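Here's upload_28.txt, which has compact mmCIF, C-alpha atoms:
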# COMPACT_ATOMS: atom_id res chain seq x y z
CA MET G 1 16.00 -5.57 7.51
CA GLY G 2 15.55 -8.41 5.07
CA GLN G 3 13.23 -11.03 3.70
CA LEU G 4 11.36 -13.00 6.33
CA THR G 5 11.09 -16.66 5.38
CA GLY G 6 8.61 -17.86 7.99
CA GLY G 7 6.00 -16.72 10.49
CA ARG G 8 4.10 -13.62 9.39
CA TYR G 9 5.44 -13.71 5.81
CA VAL G 10 4.19 -17.27 5.24
CA LEU G 11 0.88 -16.51 6.96
CA ALA G 12 0.30 -13.42 4.81
CA ALA G 13 1.17 -15.34 1.67
CA THR G 14 -1.18 -18.16 2.63
CA LEU G 15 -4.00 -15.73 3.36
CA ALA G 16 -3.42 -13.95 0.08
CA ALA G 17 -3.68 -17.21 -1.82
CA ALA G 18 -6.52 -18.75 0.16
CA TRP G 19 -8.85 -15.94 1.16
CA LEU G 20 -8.52 -13.15 -1.38
CA ALA G 21 -8.96 -13.46 -5.15
CA VAL G 22 -8.58 -10.91 -7.88
CA ALA G 23 -11.72 -10.92 -9.99
CA VAL G 24 -9.95 -8.85 -12.64
CA LEU G 25 -9.23 -12.22 -14.21
CA ALA G 26 -12.81 -12.19 -15.41
CA ALA G 27 -12.58 -9.81 -18.34
CA GLY G 28 -15.04 -6.97 -18.36
CA GLN G 29 -16.53 -7.79 -14.97
CA ARG G 30 -17.99 -4.87 -12.99
CA SER G 31 -19.14 -4.80 -9.38
CA PRO G 32 -20.91 -2.20 -7.23
CA ARG G 33 -18.83 0.10 -5.00
CA LEU G 34 -20.23 -1.56 -1.87
CA PRO G 35 -20.63 -5.27 -2.69
CA THR G 36 -22.93 -7.21 -0.40
CA ASP G 37 -22.45 -10.77 -1.61
CA TYR G 38 -19.25 -11.59 0.29
CA PRO G 39 -17.87 -13.70 1.84
CA LYS G 40 -18.38 -16.58 -0.58
CA SER G 41 -17.49 -20.08 0.54
CA PHE G 42 -16.13 -22.82 -1.73
CA PRO G 43 -15.87 -25.79 0.68
CA GLU G 44 -14.95 -28.21 -2.10
CA ASN G 45 -11.74 -26.19 -2.56
CA GLY G 46 -11.24 -25.13 1.04
CA ILE G 47 -11.39 -21.46 0.02
CA THR G 48 -13.40 -18.51 1.28
CA LEU G 49 -13.52 -15.48 -1.01
CA LEU G 50 -13.59 -12.33 1.10
CA ASP G 51 -13.55 -9.69 -1.63
CA GLU G 52 -12.68 -9.02 -5.28
CA TRP G 53 -10.72 -6.48 -7.36
CA VAL G 54 -7.96 -6.48 -4.73
CA ALA G 55 -4.17 -6.13 -4.70
CA ASP G 56 -1.56 -6.63 -1.94
CA LEU G 57 -2.63 -7.01 1.68
CA ASP G 58 -1.39 -6.83 5.26
CA LEU G 59 -2.54 -8.76 8.33
CA SER G 60 -3.00 -6.85 11.58
CA HIS G 61 -0.65 -7.90 14.37
CA ASP G 62 -3.49 -9.38 16.42
CA GLY G 63 -4.21 -11.69 13.47
CA LYS G 64 -7.83 -10.57 13.10
CA TRP G 65 -7.99 -8.03 10.29
CA LEU G 66 -6.82 -7.79 6.70
CA ALA G 67 -6.20 -4.42 5.06
CA TYR G 68 -5.85 -4.22 1.28
CA PRO G 69 -6.30 -1.89 -1.71
CA ARG G 70 -9.42 -2.57 -3.77
CA ARG G 71 -10.06 -1.18 -7.22
CA ASP G 72 -13.25 0.82 -7.65
CA PRO G 73 -14.69 -0.21 -11.04
CA GLN G 74 -16.48 3.13 -11.31
CA ASP G 75 -13.36 5.32 -11.49
CA TRP G 76 -10.60 2.65 -11.56
CA TYR G 77 -8.74 4.10 -8.56
CA MET G 78 -7.67 1.97 -5.60
CA ASP G 79 -9.15 2.48 -2.13
CA ILE G 80 -8.00 0.82 1.09
CA TRP G 81 -10.44 -1.62 2.68
CA ALA G 82 -10.40 -3.78 5.80
CA VAL G 83 -12.19 -7.03 6.59
CA HIS G 84 -12.23 -9.41 9.54
CA LEU G 85 -10.91 -12.90 8.75
CA SER G 86 -14.42 -14.20 9.36
CA GLY G 87 -15.64 -12.03 6.48
CA ALA G 88 -17.49 -9.68 8.82
CA GLY G 89 -17.06 -5.94 9.13
CA ARG G 90 -15.83 -5.25 5.60
CA ARG G 91 -15.48 -1.50 5.15
CA CYS G 92 -13.72 1.08 3.01
CA LEU G 93 -11.22 3.08 5.06
CA THR G 94 -10.29 5.72 2.48
CA CYS G 95 -13.59 6.32 0.67
CA GLY G 96 -14.36 9.20 3.02
CA LEU G 97 -11.01 10.96 2.57
CA THR G 98 -11.06 14.04 0.37
CA VAL G 99 -7.23 14.16 0.39
CA PRO G 100 -5.55 12.10 -0.95
CA ALA G 101 -8.23 11.35 -3.53
CA LYS G 102 -6.64 9.06 -6.15
CA HIS G 103 -4.80 5.73 -5.79
CA ARG G 104 -4.30 4.59 -2.19
CA GLY G 105 -2.50 1.28 -1.54
CA SER G 106 0.67 -0.53 -0.35
CA VAL G 107 -0.91 -0.62 3.09
CA ALA G 108 0.73 -1.71 6.37
CA TRP G 109 -0.63 -1.98 9.91
CA HIS G 110 1.09 -0.32 12.85
CA PRO G 111 1.81 -3.04 15.48
CA ALA G 112 -0.49 -1.38 18.00
CA GLY G 113 -3.30 -1.29 15.45
CA GLN G 114 -4.20 2.40 15.68
CA PHE G 115 -2.53 3.47 12.41
CA LEU G 116 -2.08 2.26 8.85
CA ALA G 117 0.76 3.45 6.61
CA PHE G 118 0.14 3.58 2.86
CA SER G 119 1.26 5.16 -0.40
CA ALA G 120 -1.01 7.60 -2.23
CA GLU G 121 -0.93 9.17 -5.67
CA ASN G 122 -0.42 12.93 -5.71
CA ASP G 123 -3.72 14.66 -6.37
CA ASP G 124 -2.22 16.96 -9.02
CA VAL G 125 -1.27 14.08 -11.37
CA ARG G 126 -3.21 14.92 -14.54
CA THR G 127 -2.52 12.22 -17.14
CA ARG G 128 -3.95 8.71 -17.46
CA LYS G 129 -0.43 7.38 -17.89
CA GLY G 130 0.50 9.17 -14.67
CA ASP G 131 -2.41 7.46 -12.92
CA ARG G 132 -1.25 4.05 -14.12
CA LEU G 133 2.34 4.66 -12.99
CA ALA G 134 1.11 5.77 -9.55
CA GLU G 135 -0.73 2.52 -8.85
CA PRO G 136 0.33 0.59 -5.72
CA GLY G 137 3.46 -1.44 -6.41
CA ILE G 138 4.73 1.04 -9.04
CA GLY G 139 4.34 4.18 -6.99
CA LEU G 140 5.64 7.00 -9.20
CA ASN G 141 4.52 10.48 -8.13
CA THR G 142 3.24 9.18 -4.82
CA ASN G 143 3.89 10.05 -1.20
CA LEU G 144 3.96 8.20 2.11
CA TRP G 145 0.85 8.68 4.24
CA VAL G 146 -0.49 7.34 7.52
CA MET G 147 -4.11 7.26 8.68
CA THR G 148 -6.04 6.21 11.72
CA SER G 149 -7.31 2.64 11.58
CA ASP G 150 -10.88 3.85 11.10
CA GLY G 151 -9.89 6.06 8.15
CA ALA G 152 -11.14 9.22 9.87
CA LYS G 153 -7.85 11.15 9.56
CA ALA G 154 -4.80 10.94 7.30
CA TRP G 155 -1.44 12.72 7.31
CA ARG G 156 1.19 13.00 4.59
CA LEU G 157 4.66 12.04 5.82
CA THR G 158 6.81 12.82 2.76
CA ASN G 159 6.78 15.75 0.34
CA TYR G 160 7.63 14.51 -3.15
CA GLU G 161 6.31 16.94 -5.74
CA THR G 162 4.75 15.65 -8.96
CA ASP G 163 7.40 15.49 -11.69
CA TYR G 164 6.79 13.55 -14.91
CA ALA G 165 10.43 13.80 -16.04
CA SER G 166 12.02 12.75 -12.76
CA PRO G 167 9.31 11.26 -10.50
CA ARG G 168 9.77 10.14 -6.91
CA GLY G 169 7.49 7.89 -4.94
CA VAL G 170 6.82 5.28 -2.27
CA ILE G 171 6.02 1.57 -2.35
CA HIS G 172 5.40 -1.05 0.36
CA PRO G 173 6.00 0.70 3.69
CA HIS G 174 6.41 -1.47 6.79
CA PHE G 175 6.62 -0.70 10.50
CA SER G 176 9.23 -2.22 12.78
CA PRO G 177 7.82 -4.74 15.31
CA ASP G 178 7.98 -2.11 18.09
CA GLY G 179 6.29 0.51 15.88
CA LYS G 180 9.10 3.02 16.36
CA ARG G 181 10.49 2.91 12.82
CA LEU G 182 9.03 2.91 9.35
CA GLY G 183 10.72 1.62 6.19
CA TRP G 184 9.78 1.89 2.51
CA SER G 185 11.44 1.98 -0.90
CA GLY G 186 11.21 4.24 -3.91
CA LEU G 187 12.76 5.67 -7.05
CA VAL G 188 15.56 8.22 -6.57
CA ASP G 189 16.93 8.72 -10.11
CA SER G 190 14.87 7.96 -13.21
CA SER G 191 17.59 9.21 -15.57
CA LYS G 192 19.80 6.24 -14.78
CA VAL G 193 18.12 3.79 -17.14
CA ALA G 194 20.32 1.05 -18.60
CA ALA G 195 20.72 -2.72 -18.58
CA GLY G 196 20.03 -3.80 -15.01
CA TYR G 197 18.52 -0.38 -14.27
CA GLU G 198 15.38 -0.62 -16.36
CA TRP G 199 13.41 1.19 -13.64
CA GLY G 200 16.19 3.64 -12.79
CA GLU G 201 18.01 3.90 -9.48
CA TRP G 202 16.09 3.01 -6.30
CA ALA G 203 16.75 3.05 -2.56
CA VAL G 204 15.37 1.84 0.75
CA PHE G 205 14.38 4.50 3.27
CA LEU G 206 14.34 4.08 7.03
CA ALA G 207 12.88 6.66 9.44
CA ASP G 208 11.87 7.10 13.05
CA PHE G 209 8.08 7.09 13.47
CA GLU G 210 6.71 9.38 16.15
CA VAL G 211 3.29 10.65 17.21
CA GLN G 212 3.31 14.14 18.73
CA ALA G 213 0.07 15.65 20.05
CA GLY G 214 -1.81 12.99 18.11
CA VAL G 215 -0.08 13.82 14.81
CA PRO G 216 2.17 11.13 13.21
CA THR G 217 5.53 12.21 11.76
CA VAL G 218 8.72 10.66 10.41
CA LYS G 219 12.14 11.93 11.42
CA ASN G 220 15.78 11.12 10.72
CA ILE G 221 15.13 9.62 7.28
CA ARG G 222 18.09 7.50 6.17
CA THR G 223 18.74 6.33 2.61
CA LEU G 224 20.01 2.76 2.20
CA GLN G 225 21.24 1.04 -0.96
CA PRO G 226 22.37 -2.46 0.03
CA GLY G 227 24.28 -4.53 -2.50
CA GLN G 228 26.23 -3.34 -5.52
CA GLN G 229 23.35 -2.87 -7.97
CA HIS G 230 21.05 -0.10 -6.77
CA SER G 231 18.27 -0.74 -9.24
CA TYR G 232 15.00 -1.91 -7.66
CA TYR G 233 14.21 -2.52 -3.99
CA GLN G 234 10.97 -3.70 -2.42
CA LEU G 235 10.25 -4.38 1.24
CA ASP G 236 7.96 -7.36 1.79
CA ASP G 237 8.21 -7.28 5.59
CA TRP G 238 10.45 -5.99 8.36

What is this file in structure tokens?
Amino acid sequence: MGQLTGGRYVLAATLAAAWLAVAVLAAGQRSPRLPTDYPKSFPENGITLLDEWVADLDLSHDGKWLAYPRRDPQDWYMDIWAVHLSGAGRRCLTCGLTVPAKHRGSVAWHPAGQFLAFSAENDDVRTRKGDRLAEPGIGLNTNLWVMTSDGAKAWRLTNYETDYASPRGVIHPHFSPDGKRLGWSGLVDSSKVAAGYEWGEWAVFLADFEVQAGVPTVKNIRTLQPGQQHSYYQLDDW
């Protein structure tokens, strides 16, 4: 497992730069929960804007769909959306979920396309600071979840309890190319804060991904800490 320098990594980076823009740059801007004025084309720049208020994204393995977290300007939480590269079919996948109900992000497609893995804030987080620290890419007091690609069902795969003093969490899960394994990273010891460990001690986790009677699970979770400095790890791809 390591950084991928070509292929899907370059394609995802190009799509992120060319087709999605973060309208948060426009201070104070608000948009409706279900925007209808996208896609927007800027032919003079060679750019098509598919959506706004978005964060990281993942391209489906058939190269047709983007999944990404999008901030809802009404409550400021992130939901997971999907859109076809043509700009058609944009829909919110997590808006109908009652659990988890707060931040949902760090999304990754299963190679077969029937599931999406993501991180989600624990519903019992009660402080605004806790909400901010649970956002995708920070991931404190979050758990690993997986849902069907239509957002109809979701299952929690890890069981990290909310703890403000010593939080655990999940960021940037990714499936193996055959869909049989799932990797992610997260905080394991917040007390170890020092020079070079400003975010505490982190680790990479690797598990077997299985679906039994239609229910996804992870088994045989291994903890990996490559290198000599076990401070911060982030998986950008498999």

Closest of G:Ala203, G:Ala112, G:Val211, G:Ala134 to Trp155 of chain G - atom-to-atom distances counting all atoms listed in the file: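 Between G:Ala203, G:Ala112, G:Val211, G:Ala134, the residue approaching Trp155 of chain G most closely is G:Val211.
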
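Residue nearest Tyr197 of chain G, chosen from G:Asp62, G:Trp184, G:His230, G:Phe175 and counting all atoms listed in the file: G:His230.
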
Suppose you want the space between atom CA of Thr223 of chain G and atom CA of Val204 of chain G; what is it in Å?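 Value for the atom CA of Thr223 of chain G-atom CA of Val204 of chain G distance: 5.9 Å.
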
Which residue is closest to Arg91 of chain G? Choose from G:Thr48, G:Gln74, G:Ser149, G:Gln212 and count all atoms listed in the file. G:Ser149

Can you list, as a PyMOL selection string, every protein, DNA or RNA residue that comes within 6 Å of Gly186 of chain G when you count all atoms listed in the file, leaving out same-chain residues fewer than 2 positions away? chain G and resi 169-170+202-203
